[in-house]
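One file, start-v5.pdb, is given below (PDB, C-alpha atoms and all ligand atoms).
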```pdb
ATOM      1  CA  MET A   1      20.719   8.939  28.509  1.00  0.00           C
ATOM      2  CA  PRO A   2      22.220   6.174  26.362  1.00  0.00           C
ATOM      3  CA  THR A   3      22.587   7.470  22.823  1.00  0.00           C
ATOM      4  CA  ASN A   4      22.780   4.593  20.383  1.00  0.00           C
ATOM      5  CA  LEU A   5      24.385   5.847  17.207  1.00  0.00           C
ATOM      6  CA  LYS A   6      24.257   3.790  14.002  1.00  0.00           C
ATOM      7  CA  ILE A   7      25.914   5.063  10.851  1.00  0.00           C
ATOM      8  CA  PHE A   8      25.256   3.474   7.459  1.00  0.00           C
ATOM      9  CA  SER A   9      26.973   3.846   4.109  1.00  0.00           C
ATOM     10  CA  SER A  10      23.787   4.934   2.365  1.00  0.00           C
ATOM     11  CA  PRO A  11      20.133   5.775   3.017  1.00  0.00           C
ATOM     12  CA  GLU A  12      19.242   2.434   1.418  1.00  0.00           C
ATOM     13  CA  GLU A  13      21.449   0.496   3.840  1.00  0.00           C
ATOM     14  CA  LEU A  14      19.972   2.494   6.745  1.00  0.00           C
ATOM     15  CA  ALA A  15      16.424   1.685   5.645  1.00  0.00           C
ATOM     16  CA  ARG A  16      17.236  -2.015   5.209  1.00  0.00           C
ATOM     17  CA  GLU A  17      18.876  -2.390   8.615  1.00  0.00           C
ATOM     18  CA  LEU A  18      16.228  -0.364  10.421  1.00  0.00           C
ATOM     19  CA  ALA A  19      13.479  -2.392   8.760  1.00  0.00           C
ATOM     20  CA  PHE A  20      15.126  -5.605   9.985  1.00  0.00           C
ATOM     21  CA  GLU A  21      15.451  -4.243  13.523  1.00  0.00           C
ATOM     22  CA  PHE A  22      11.854  -3.073  13.511  1.00  0.00           C
ATOM     23  CA  LEU A  23      10.543  -6.369  12.139  1.00  0.00           C
ATOM     24  CA  ALA A  24      12.492  -8.305  14.772  1.00  0.00           C
ATOM     25  CA  GLU A  25      10.856  -6.226  17.511  1.00  0.00           C
ATOM     26  CA  LEU A  26       7.479  -6.674  15.884  1.00  0.00           C
ATOM     27  CA  GLN A  27       8.010 -10.450  15.789  1.00  0.00           C
ATOM     28  CA  LYS A  28       8.770 -10.409  19.528  1.00  0.00           C
ATOM     29  CA  LYS A  29       5.519  -8.536  20.163  1.00  0.00           C
ATOM     30  CA  TYR A  30       3.640 -11.038  17.995  1.00  0.00           C
ATOM     31  CA  ASN A  31       5.235 -14.019  19.747  1.00  0.00           C
ATOM     32  CA  SER A  32       4.213 -12.638  23.131  1.00  0.00           C
ATOM     33  CA  ALA A  33       0.724 -11.738  21.868  1.00  0.00           C
ATOM     34  CA  GLU A  34       1.305  -8.071  22.650  1.00  0.00           C
ATOM     35  CA  MET A  35       0.437  -4.956  20.635  1.00  0.00           C
ATOM     36  CA  MET A  36       3.150  -2.568  19.446  1.00  0.00           C
ATOM     37  CA  THR A  37       2.290   1.129  19.594  1.00  0.00           C
ATOM     38  CA  LEU A  38       4.262   2.961  16.924  1.00  0.00           C
ATOM     39  CA  ALA A  39       4.363   6.597  15.769  1.00  0.00           C
ATOM     40  CA  LEU A  40       5.727   7.311  12.301  1.00  0.00           C
ATOM     41  CA  SER A  41       7.578  10.503  11.466  1.00  0.00           C
ATOM     42  CA  GLY A  42       6.766  12.814   8.592  1.00  0.00           C
ATOM     43  CA  GLY A  43       8.768  14.488   5.863  1.00  0.00           C
ATOM     44  CA  SER A  44      10.527  12.654   3.053  1.00  0.00           C
ATOM     45  CA  THR A  45      13.246  10.682   4.877  1.00  0.00           C
ATOM     46  CA  PRO A  46      10.980   7.837   6.047  1.00  0.00           C
ATOM     47  CA  ALA A  47       9.952   7.045   2.431  1.00  0.00           C
ATOM     48  CA  LEU A  48      12.830   4.582   1.976  1.00  0.00           C
ATOM     49  CA  LEU A  49      11.969   2.836   5.252  1.00  0.00           C
ATOM     50  CA  PHE A  50       8.307   2.595   4.242  1.00  0.00           C
ATOM     51  CA  ARG A  51       9.268   1.033   0.907  1.00  0.00           C
ATOM     52  CA  GLU A  52      11.608  -1.415   2.670  1.00  0.00           C
ATOM     53  CA  LEU A  53       8.959  -2.440   5.207  1.00  0.00           C
ATOM     54  CA  SER A  54       6.381  -2.896   2.464  1.00  0.00           C
ATOM     55  CA  LEU A  55       8.591  -5.664   1.016  1.00  0.00           C
ATOM     56  CA  TYR A  56       7.886  -7.723   4.150  1.00  0.00           C
ATOM     57  CA  SER A  57       4.164  -7.249   4.155  1.00  0.00           C
ATOM     58  CA  GLN A  58       3.434 -10.988   4.039  1.00  0.00           C
ATOM     59  CA  ARG A  59       6.197 -11.990   6.462  1.00  0.00           C
ATOM     60  CA  LEU A  60       4.430 -10.906   9.612  1.00  0.00           C
ATOM     61  CA  ASP A  61       1.044 -10.536  11.198  1.00  0.00           C
ATOM     62  CA  TRP A  62       0.725  -6.760  11.108  1.00  0.00           C
ATOM     63  CA  GLY A  63      -2.366  -7.001  13.262  1.00  0.00           C
ATOM     64  CA  CYS A  64      -0.164  -6.497  16.328  1.00  0.00           C
ATOM     65  CA  VAL A  65       0.679  -2.900  15.384  1.00  0.00           C
ATOM     66  CA  LYS A  66      -1.232   0.215  16.373  1.00  0.00           C
ATOM     67  CA  LEU A  67      -0.021   2.963  14.051  1.00  0.00           C
ATOM     68  CA  PHE A  68       0.072   6.686  14.841  1.00  0.00           C
ATOM     69  CA  TRP A  69       1.938   9.750  13.524  1.00  0.00           C
ATOM     70  CA  SER A  70       4.175  12.075  15.537  1.00  0.00           C
ATOM     71  CA  ASP A  71       3.009  15.056  13.524  1.00  0.00           C
ATOM     72  CA  GLU A  72       0.887  16.060  10.551  1.00  0.00           C
ATOM     73  CA  ARG A  73       0.348  18.916   8.206  1.00  0.00           C
ATOM     74  CA  MET A  74      -3.230  20.209   8.482  1.00  0.00           C
ATOM     75  CA  VAL A  75      -4.221  19.092   4.979  1.00  0.00           C
ATOM     76  CA  PRO A  76      -6.614  16.356   3.780  1.00  0.00           C
ATOM     77  CA  PRO A  77      -5.236  12.793   3.906  1.00  0.00           C
ATOM     78  CA  ASP A  78      -4.961  12.591   0.111  1.00  0.00           C
ATOM     79  CA  HIS A  79      -3.025  15.887  -0.116  1.00  0.00           C
ATOM     80  CA  PRO A  80       0.552  15.511  -1.492  1.00  0.00           C
ATOM     81  CA  GLN A  81       1.915  17.066   1.723  1.00  0.00           C
ATOM     82  CA  SER A  82       0.074  14.695   4.074  1.00  0.00           C
ATOM     83  CA  ASN A  83       2.422  12.582   6.213  1.00  0.00           C
ATOM     84  CA  TYR A  84      -0.328   9.983   6.495  1.00  0.00           C
ATOM     85  CA  GLY A  85      -0.831  10.121   2.717  1.00  0.00           C
ATOM     86  CA  LEU A  86       2.858   9.360   2.096  1.00  0.00           C
ATOM     87  CA  ALA A  87       2.784   6.382   4.460  1.00  0.00           C
ATOM     88  CA  LYS A  88      -0.459   5.149   2.906  1.00  0.00           C
ATOM     89  CA  ARG A  89       0.911   5.255  -0.631  1.00  0.00           C
ATOM     90  CA  LEU A  90       4.272   3.630   0.205  1.00  0.00           C
ATOM     91  CA  LEU A  91       3.383   1.303   3.078  1.00  0.00           C
ATOM     92  CA  LEU A  92      -0.181   1.008   4.317  1.00  0.00           C
ATOM     93  CA  ASP A  93      -1.646   0.102   0.941  1.00  0.00           C
ATOM     94  CA  GLU A  94       0.810  -2.840   0.903  1.00  0.00           C
ATOM     95  CA  LEU A  95       0.299  -4.065   4.476  1.00  0.00           C
ATOM     96  CA  PRO A  96      -2.514  -6.103   6.025  1.00  0.00           C
ATOM     97  CA  ILE A  97      -2.770  -3.730   9.009  1.00  0.00           C
ATOM     98  CA  PRO A  98      -6.419  -3.728  10.121  1.00  0.00           C
ATOM     99  CA  ALA A  99      -7.958  -0.290   9.426  1.00  0.00           C
ATOM    100  CA  GLN A 100      -9.039  -0.056  13.074  1.00  0.00           C
ATOM    101  CA  ASN A 101      -5.335  -0.110  14.078  1.00  0.00           C
ATOM    102  CA  ILE A 102      -4.424   2.926  11.978  1.00  0.00           C
ATOM    103  CA  PHE A 103      -4.865   6.200  13.845  1.00  0.00           C
ATOM    104  CA  ARG A 104      -4.149   9.192  11.627  1.00  0.00           C
ATOM    105  CA  MET A 105      -4.213  12.820  12.703  1.00  0.00           C
ATOM    106  CA  GLU A 106      -7.219  14.425  11.009  1.00  0.00           C
ATOM    107  CA  GLY A 107      -5.584  17.087   8.892  1.00  0.00           C
ATOM    108  CA  GLU A 108      -8.862  18.015   7.260  1.00  0.00           C
ATOM    109  CA  ILE A 109     -10.463  19.528  10.387  1.00  0.00           C
ATOM    110  CA  PRO A 110      -9.465  22.601  12.466  1.00  0.00           C
ATOM    111  CA  ALA A 111      -6.106  22.005  14.175  1.00  0.00           C
ATOM    112  CA  GLU A 112      -7.282  22.647  17.748  1.00  0.00           C
ATOM    113  CA  GLU A 113     -10.174  20.202  17.293  1.00  0.00           C
ATOM    114  CA  ALA A 114      -7.841  17.644  15.693  1.00  0.00           C
ATOM    115  CA  ALA A 115      -5.449  18.007  18.638  1.00  0.00           C
ATOM    116  CA  GLU A 116      -8.193  17.367  21.203  1.00  0.00           C
ATOM    117  CA  LYS A 117      -9.469  14.346  19.280  1.00  0.00           C
ATOM    118  CA  TYR A 118      -5.972  12.880  18.821  1.00  0.00           C
ATOM    119  CA  MET A 119      -5.038  13.304  22.472  1.00  0.00           C
ATOM    120  CA  ALA A 120      -8.195  11.437  23.470  1.00  0.00           C
ATOM    121  CA  LEU A 121      -7.433   8.719  20.920  1.00  0.00           C
ATOM    122  CA  ILE A 122      -3.868   8.274  22.153  1.00  0.00           C
ATOM    123  CA  ARG A 123      -5.032   8.057  25.771  1.00  0.00           C
ATOM    124  CA  GLN A 124      -7.613   5.460  24.732  1.00  0.00           C
ATOM    125  CA  GLU A 125      -5.269   3.313  22.623  1.00  0.00           C
ATOM    126  CA  VAL A 126      -1.775   3.671  24.110  1.00  0.00           C
ATOM    127  CA  PRO A 127      -1.107   2.180  27.565  1.00  0.00           C
ATOM    128  CA  ALA A 128       0.223   4.646  30.139  1.00  0.00           C
ATOM    129  CA  GLY A 129       3.693   4.454  31.648  1.00  0.00           C
ATOM    130  CA  GLU A 130       4.557   4.979  35.327  1.00  0.00           C
ATOM    131  CA  ASP A 131       4.106   8.744  34.948  1.00  0.00           C
ATOM    132  CA  GLY A 132       0.524   8.247  33.767  1.00  0.00           C
ATOM    133  CA  LEU A 133       1.306   9.482  30.267  1.00  0.00           C
ATOM    134  CA  PRO A 134       0.716   7.286  27.195  1.00  0.00           C
ATOM    135  CA  GLN A 135       3.933   5.388  26.525  1.00  0.00           C
ATOM    136  CA  PHE A 136       4.669   4.522  22.900  1.00  0.00           C
ATOM    137  CA  ASP A 137       6.804   1.476  22.231  1.00  0.00           C
ATOM    138  CA  TRP A 138       8.530   3.211  19.357  1.00  0.00           C
ATOM    139  CA  ILE A 139       8.504   6.748  17.972  1.00  0.00           C
ATOM    140  CA  PHE A 140      10.293   7.599  14.734  1.00  0.00           C
ATOM    141  CA  LEU A 141      11.435  11.201  14.323  1.00  0.00           C
ATOM    142  CA  GLY A 142      13.015  13.237  11.548  1.00  0.00           C
ATOM    143  CA  LEU A 143      15.300  16.244  11.918  1.00  0.00           C
ATOM    144  CA  GLY A 144      15.110  19.577  10.164  1.00  0.00           C
ATOM    145  CA  GLU A 145      18.187  21.645   9.285  1.00  0.00           C
ATOM    146  CA  ASP A 146      17.054  24.151  11.932  1.00  0.00           C
ATOM    147  CA  GLY A 147      16.972  21.436  14.579  1.00  0.00           C
ATOM    148  CA  HIS A 148      13.200  20.964  14.558  1.00  0.00           C
ATOM    149  CA  THR A 149      11.659  17.568  14.995  1.00  0.00           C
ATOM    150  CA  ALA A 150       8.077  16.461  14.492  1.00  0.00           C
ATOM    151  CA  SER A 151       6.466  19.900  14.213  1.00  0.00           C
ATOM    152  CA  LEU A 152       8.310  21.320  17.217  1.00  0.00           C
ATOM    153  CA  PHE A 153      10.080  24.351  15.785  1.00  0.00           C
ATOM    154  CA  PRO A 154      12.832  26.517  17.344  1.00  0.00           C
ATOM    155  CA  GLY A 155      11.477  29.213  19.661  1.00  0.00           C
ATOM    156  CA  SER A 156       7.941  27.821  19.607  1.00  0.00           C
ATOM    157  CA  ASP A 157       5.797  28.079  22.753  1.00  0.00           C
ATOM    158  CA  SER A 158       4.890  24.425  22.146  1.00  0.00           C
ATOM    159  CA  LEU A 159       8.353  23.508  23.450  1.00  0.00           C
ATOM    160  CA  GLN A 160       7.302  24.677  26.935  1.00  0.00           C
ATOM    161  CA  ILE A 161       4.104  22.609  27.040  1.00  0.00           C
ATOM    162  CA  ARG A 162       4.174  20.164  29.958  1.00  0.00           C
ATOM    163  CA  ASP A 163       0.464  19.465  30.494  1.00  0.00           C
ATOM    164  CA  LYS A 164      -0.601  18.328  27.011  1.00  0.00           C
ATOM    165  CA  ILE A 165       0.556  15.445  24.819  1.00  0.00           C
ATOM    166  CA  CYS A 166      -0.264  17.084  21.472  1.00  0.00           C
ATOM    167  CA  ALA A 167      -0.385  20.663  20.241  1.00  0.00           C
ATOM    168  CA  ALA A 168      -1.708  22.636  17.292  1.00  0.00           C
ATOM    169  CA  VAL A 169       1.146  24.793  15.956  1.00  0.00           C
ATOM    170  CA  ILE A 170       2.092  26.892  12.937  1.00  0.00           C
ATOM    171  CA  HIS A 171       5.075  26.209  10.676  1.00  0.00           C
ATOM    172  CA  PRO A 172       7.219  29.369  11.130  1.00  0.00           C
ATOM    173  CA  GLY A 173       8.285  29.465   7.489  1.00  0.00           C
ATOM    174  CA  SER A 174       5.149  28.586   5.559  1.00  0.00           C
ATOM    175  CA  GLY A 175       2.505  29.509   8.136  1.00  0.00           C
ATOM    176  CA  GLN A 176       1.017  26.055   7.590  1.00  0.00           C
ATOM    177  CA  PRO A 177      -1.043  24.777  10.532  1.00  0.00           C
ATOM    178  CA  ARG A 178       0.406  21.589  11.994  1.00  0.00           C
ATOM    179  CA  LEU A 179      -0.434  19.045  14.681  1.00  0.00           C
ATOM    180  CA  THR A 180       2.422  17.594  16.710  1.00  0.00           C
ATOM    181  CA  PHE A 181       3.353  15.393  19.638  1.00  0.00           C
ATOM    182  CA  THR A 182       4.751  17.476  22.474  1.00  0.00           C
ATOM    183  CA  LEU A 183       8.014  16.757  24.303  1.00  0.00           C
ATOM    184  CA  PRO A 184       6.353  15.140  27.353  1.00  0.00           C
ATOM    185  CA  LEU A 185       4.744  12.526  25.096  1.00  0.00           C
ATOM    186  CA  ILE A 186       7.855  11.957  22.992  1.00  0.00           C
ATOM    187  CA  ASN A 187      10.137  11.623  26.011  1.00  0.00           C
ATOM    188  CA  GLN A 188       7.810   9.052  27.590  1.00  0.00           C
ATOM    189  CA  ALA A 189       8.494   6.543  24.783  1.00  0.00           C
ATOM    190  CA  ARG A 190      10.340   3.263  25.314  1.00  0.00           C
ATOM    191  CA  LYS A 191      12.333   3.802  22.139  1.00  0.00           C
ATOM    192  CA  ILE A 192      12.876   6.936  20.056  1.00  0.00           C
ATOM    193  CA  ALA A 193      14.652   6.670  16.711  1.00  0.00           C
ATOM    194  CA  PHE A 194      15.866   9.631  14.710  1.00  0.00           C
ATOM    195  CA  LEU A 195      16.201   8.847  10.996  1.00  0.00           C
ATOM    196  CA  VAL A 196      18.498  11.408   9.371  1.00  0.00           C
ATOM    197  CA  THR A 197      20.133  11.321   5.957  1.00  0.00           C
ATOM    198  CA  GLY A 198      21.973  13.769   3.742  1.00  0.00           C
ATOM    199  CA  VAL A 199      24.858  16.175   4.159  1.00  0.00           C
ATOM    200  CA  SER A 200      22.450  19.089   4.662  1.00  0.00           C
ATOM    201  CA  LYS A 201      21.708  17.720   8.146  1.00  0.00           C
ATOM    202  CA  SER A 202      25.367  17.006   9.099  1.00  0.00           C
ATOM    203  CA  ARG A 203      25.982  20.253  11.005  1.00  0.00           C
ATOM    204  CA  VAL A 204      22.828  20.091  13.100  1.00  0.00           C
ATOM    205  CA  VAL A 205      23.468  16.389  13.794  1.00  0.00           C
ATOM    206  CA  ALA A 206      26.993  17.176  14.994  1.00  0.00           C
ATOM    207  CA  ASP A 207      25.779  20.153  17.058  1.00  0.00           C
ATOM    208  CA  ILE A 208      23.292  17.915  18.837  1.00  0.00           C
ATOM    209  CA  LEU A 209      25.384  14.779  19.292  1.00  0.00           C
ATOM    210  CA  LYS A 210      28.438  16.793  20.366  1.00  0.00           C
ATOM    211  CA  GLN A 211      26.161  18.919  22.574  1.00  0.00           C
ATOM    212  CA  ARG A 212      27.576  22.179  21.268  1.00  0.00           C
ATOM    213  CA  PRO A 213      26.217  25.402  22.887  1.00  0.00           C
ATOM    214  CA  SER A 214      23.892  26.076  19.923  1.00  0.00           C
ATOM    215  CA  VAL A 215      21.807  23.013  20.758  1.00  0.00           C
ATOM    216  CA  SER A 216      19.730  25.001  23.245  1.00  0.00           C
ATOM    217  CA  ASN A 217      17.925  26.370  20.171  1.00  0.00           C
ATOM    218  CA  TYR A 218      17.225  22.940  18.729  1.00  0.00           C
ATOM    219  CA  PRO A 219      13.965  21.220  19.688  1.00  0.00           C
ATOM    220  CA  ALA A 220      15.487  17.877  18.657  1.00  0.00           C
ATOM    221  CA  ALA A 221      18.091  18.294  21.417  1.00  0.00           C
ATOM    222  CA  ALA A 222      15.243  18.317  23.952  1.00  0.00           C
ATOM    223  CA  VAL A 223      14.309  14.771  22.920  1.00  0.00           C
ATOM    224  CA  GLN A 224      15.708  12.972  25.944  1.00  0.00           C
ATOM    225  CA  PRO A 225      13.686   9.879  26.846  1.00  0.00           C
ATOM    226  CA  LEU A 226      12.964   9.701  30.581  1.00  0.00           C
ATOM    227  CA  LYS A 227      13.372   5.938  30.837  1.00  0.00           C
ATOM    228  CA  GLY A 228      13.528   4.783  27.232  1.00  0.00           C
ATOM    229  CA  GLU A 229      16.299   4.519  24.692  1.00  0.00           C
ATOM    230  CA  LEU A 230      17.356   7.091  22.120  1.00  0.00           C
ATOM    231  CA  TYR A 231      18.720   5.919  18.773  1.00  0.00           C
ATOM    232  CA  TRP A 232      20.192   7.916  15.923  1.00  0.00           C
ATOM    233  CA  TYR A 233      20.145   6.184  12.535  1.00  0.00           C
ATOM    234  CA  LEU A 234      22.323   8.214  10.172  1.00  0.00           C
ATOM    235  CA  ASP A 235      23.752   7.720   6.749  1.00  0.00           C
ATOM    236  CA  LYS A 236      27.420   8.611   6.235  1.00  0.00           C
ATOM    237  CA  ALA A 237      26.545  12.009   4.767  1.00  0.00           C
ATOM    238  CA  ALA A 238      24.473  13.102   7.762  1.00  0.00           C
ATOM    239  CA  ALA A 239      27.260  11.860  10.078  1.00  0.00           C
ATOM    240  CA  SER A 240      30.040  13.573   8.128  1.00  0.00           C
ATOM    241  CA  ASP A 241      30.629  16.327  10.712  1.00  0.00           C
ATOM    242  CA  LEU A 242      30.882  13.931  13.641  1.00  0.00           C
ATOM    243  CA  LYS A 243      34.570  13.152  13.147  1.00  0.00           C
TER     244      LYS A 243
HETATM  245  C1  LIG A 301       7.312  16.948   8.829  1.00  0.00           C
HETATM  246  C2  LIG A 301       8.191  16.228   9.790  1.00  0.00           C
HETATM  247  C3  LIG A 301       9.459  16.963  10.031  1.00  0.00           C
HETATM  248  C4  LIG A 301      10.487  16.209   9.250  1.00  0.00           C
HETATM  249  C5  LIG A 301      11.765  16.979   9.146  1.00  0.00           C
HETATM  250  C6  LIG A 301      12.727  16.285   8.183  1.00  0.00           C
HETATM  251  O1  LIG A 301       6.082  16.819   8.927  1.00  0.00           O
HETATM  252  O2  LIG A 301       7.887  17.579   7.916  1.00  0.00           O
HETATM  253  O3  LIG A 301       7.670  15.722  10.829  1.00  0.00           O
HETATM  254  O4  LIG A 301       9.849  17.022  11.374  1.00  0.00           O
HETATM  255  O5  LIG A 301      10.718  14.950   9.876  1.00  0.00           O
HETATM  256  O6  LIG A 301      11.455  18.269   8.648  1.00  0.00           O
HETATM  257  O7  LIG A 301      12.098  16.279   6.920  1.00  0.00           O
HETATM  258  P1  LIG A 301      12.788  15.517   5.693  1.00  0.00           P
HETATM  259  O8  LIG A 301      12.782  14.063   6.037  1.00  0.00           O
HETATM  260  O9  LIG A 301      11.886  15.823   4.524  1.00  0.00           O
HETATM  261  O10 LIG A 301      14.177  16.082   5.553  1.00  0.00           O
END
```

Using structure tokens, write down the structure from this file.
Ligand code: 6PG
Amino acid sequence: MPTNLKIFSSPEELARELAFEFLAELQKKYNSAEMMTLALSGGSTPALLFRELSLYSQRLDWGCVKLFWSDERMVPPDHPQSNYGLAKRLLLDELPIPAQNIFRMEGEIPAEEAAEKYMALIRQEVPAGEDGLPQFDWIFLGLGEDGHTASLFPGSDSLQIRDKICAAVIHPGSGQPRLTFTLPLINQARKIAFLVTGVSKSRVVADILKQRPSVSNYPAAAVQPLKGELYWYLDKAAASDLK
């Protein structure tokens, strides 16, 4: 599993470089008249990337992107904690992405129902790979200090799921219902990019990238693309324990 590690001096430099890389891939898709299937991550880290991408809203035909989320809090889309809501405020409201290409997880309905609907939507909109599972071109992921990613939390039964591509789960700390991609779907992707900034994540980053024994507890360590590529985009602070 090739791990491509990119370390940047600041979160701003990370966001700028990642935006350029993403836009270059998007241009390739546009030039070859193909659609890009992309899943955004949640939490606060992607905010800088969203702002950076929004600066290039007129530079590209965003009609060649189908946009999904790798997890969501089960709240209405206009709720301050909504991952979709954050992306809408910082990015989608600035981009000419056709509404029919934006596929949000429905946080305002019961989680199990939302999971069933989203799995059907993904299977309808995302072409399958050789294994018959939907294969995203690009999935962004964040990393929690406990090693969680998306809404796959340490010790959760959802980590053992092999026959479903999404799952309704509960945040172990807050009890908040969540909807998340499962590992089979994530590991099917052509490209997976972790975006991690801040010194608070440095230990868990080092544990995972150095494959220390503790990683068996970290869901993020189970992100190992079957055929795709795994990238880690870190700022210097998050990489500070890698020396
Ligand atoms: C969520 C995310 C979650 C997040 C990490 C990092 O819905 O919260 O999917 O996995 O990416 O917790 O969050 P921060 O970027 O806020 O540190």

### Message
Neighbours of ligand LIG 301 (chain A) at 6 Å or closer, counting only C-alpha atoms and all ligand atoms: which residues, as a ChimeraX atom specification?
### Response
/A:41-45,71-72,141-144,149-151

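Considering the residues A:Leu23, A:Leu92, A:Ala222, A:Val169 and counting all atoms listed in the file, Met74 in chain A has its shortest atom-to-atom contact with A:Val169.
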
Excluding Phe8 in chain A and any residue of its chain fewer than 5 positions from it, enumerate the residues within 10 Å of it, using only C-alpha atoms, and give them as a PDB file with C-alpha atoms, keeping the file's coordinate frame.
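Generated output (part-v7.pdb):
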```pdb
ATOM      1  CA  GLU A  13      21.449   0.496   3.840  1.00  0.00           C
ATOM      2  CA  LEU A  14      19.972   2.494   6.745  1.00  0.00           C
ATOM      3  CA  ALA A  15      16.424   1.685   5.645  1.00  0.00           C
ATOM      4  CA  ARG A  16      17.236  -2.015   5.209  1.00  0.00           C
ATOM      5  CA  GLU A  17      18.876  -2.390   8.615  1.00  0.00           C
ATOM      6  CA  THR A 197      20.133  11.321   5.957  1.00  0.00           C
ATOM      7  CA  TYR A 233      20.145   6.184  12.535  1.00  0.00           C
ATOM      8  CA  LEU A 234      22.323   8.214  10.172  1.00  0.00           C
ATOM      9  CA  ASP A 235      23.752   7.720   6.749  1.00  0.00           C
ATOM     10  CA  LYS A 236      27.420   8.611   6.235  1.00  0.00           C
ATOM     11  CA  ALA A 237      26.545  12.009   4.767  1.00  0.00           C
ATOM     12  CA  ALA A 238      24.473  13.102   7.762  1.00  0.00           C
ATOM     13  CA  ALA A 239      27.260  11.860  10.078  1.00  0.00           C
TER      14      ALA A 239
END
```

### Query
What's the 10 Å shell around Glu25 in chain A, counting all atoms listed in the file, without same-chain residues fewer than 6 positions away, as a PyMOL selection string?
chain A and resi 19+31+36+137-138

#### Entry: Picked residues, the PyMOL selection byres (((chain A and resi 70) around 12) and not hetatm), as a VMD selection string
chain A and resid 37 to 43 67 to 69 71 to 73 83 to 84 103 to 105 115 118 to 119 122 136 138 to 142 149 to 152 165 to 167 178 to 183 185 to 186 189 192 to 194

#### Entry: Atom pair CA of Glu125 in chain A / CA of Asn101 in chain A: separation (Å)
9.2 Å

Enclosing box along x, y and z for every listed atom of range 144-162 of chain A, padded 8 Å each side, centre and size in Å, one decimal, as JSON:
```
{"center_x": 11.1, "center_y": 22.8, "center_z": 19.6, "size_x": 30.1, "size_y": 28.8, "size_z": 36.7}
```
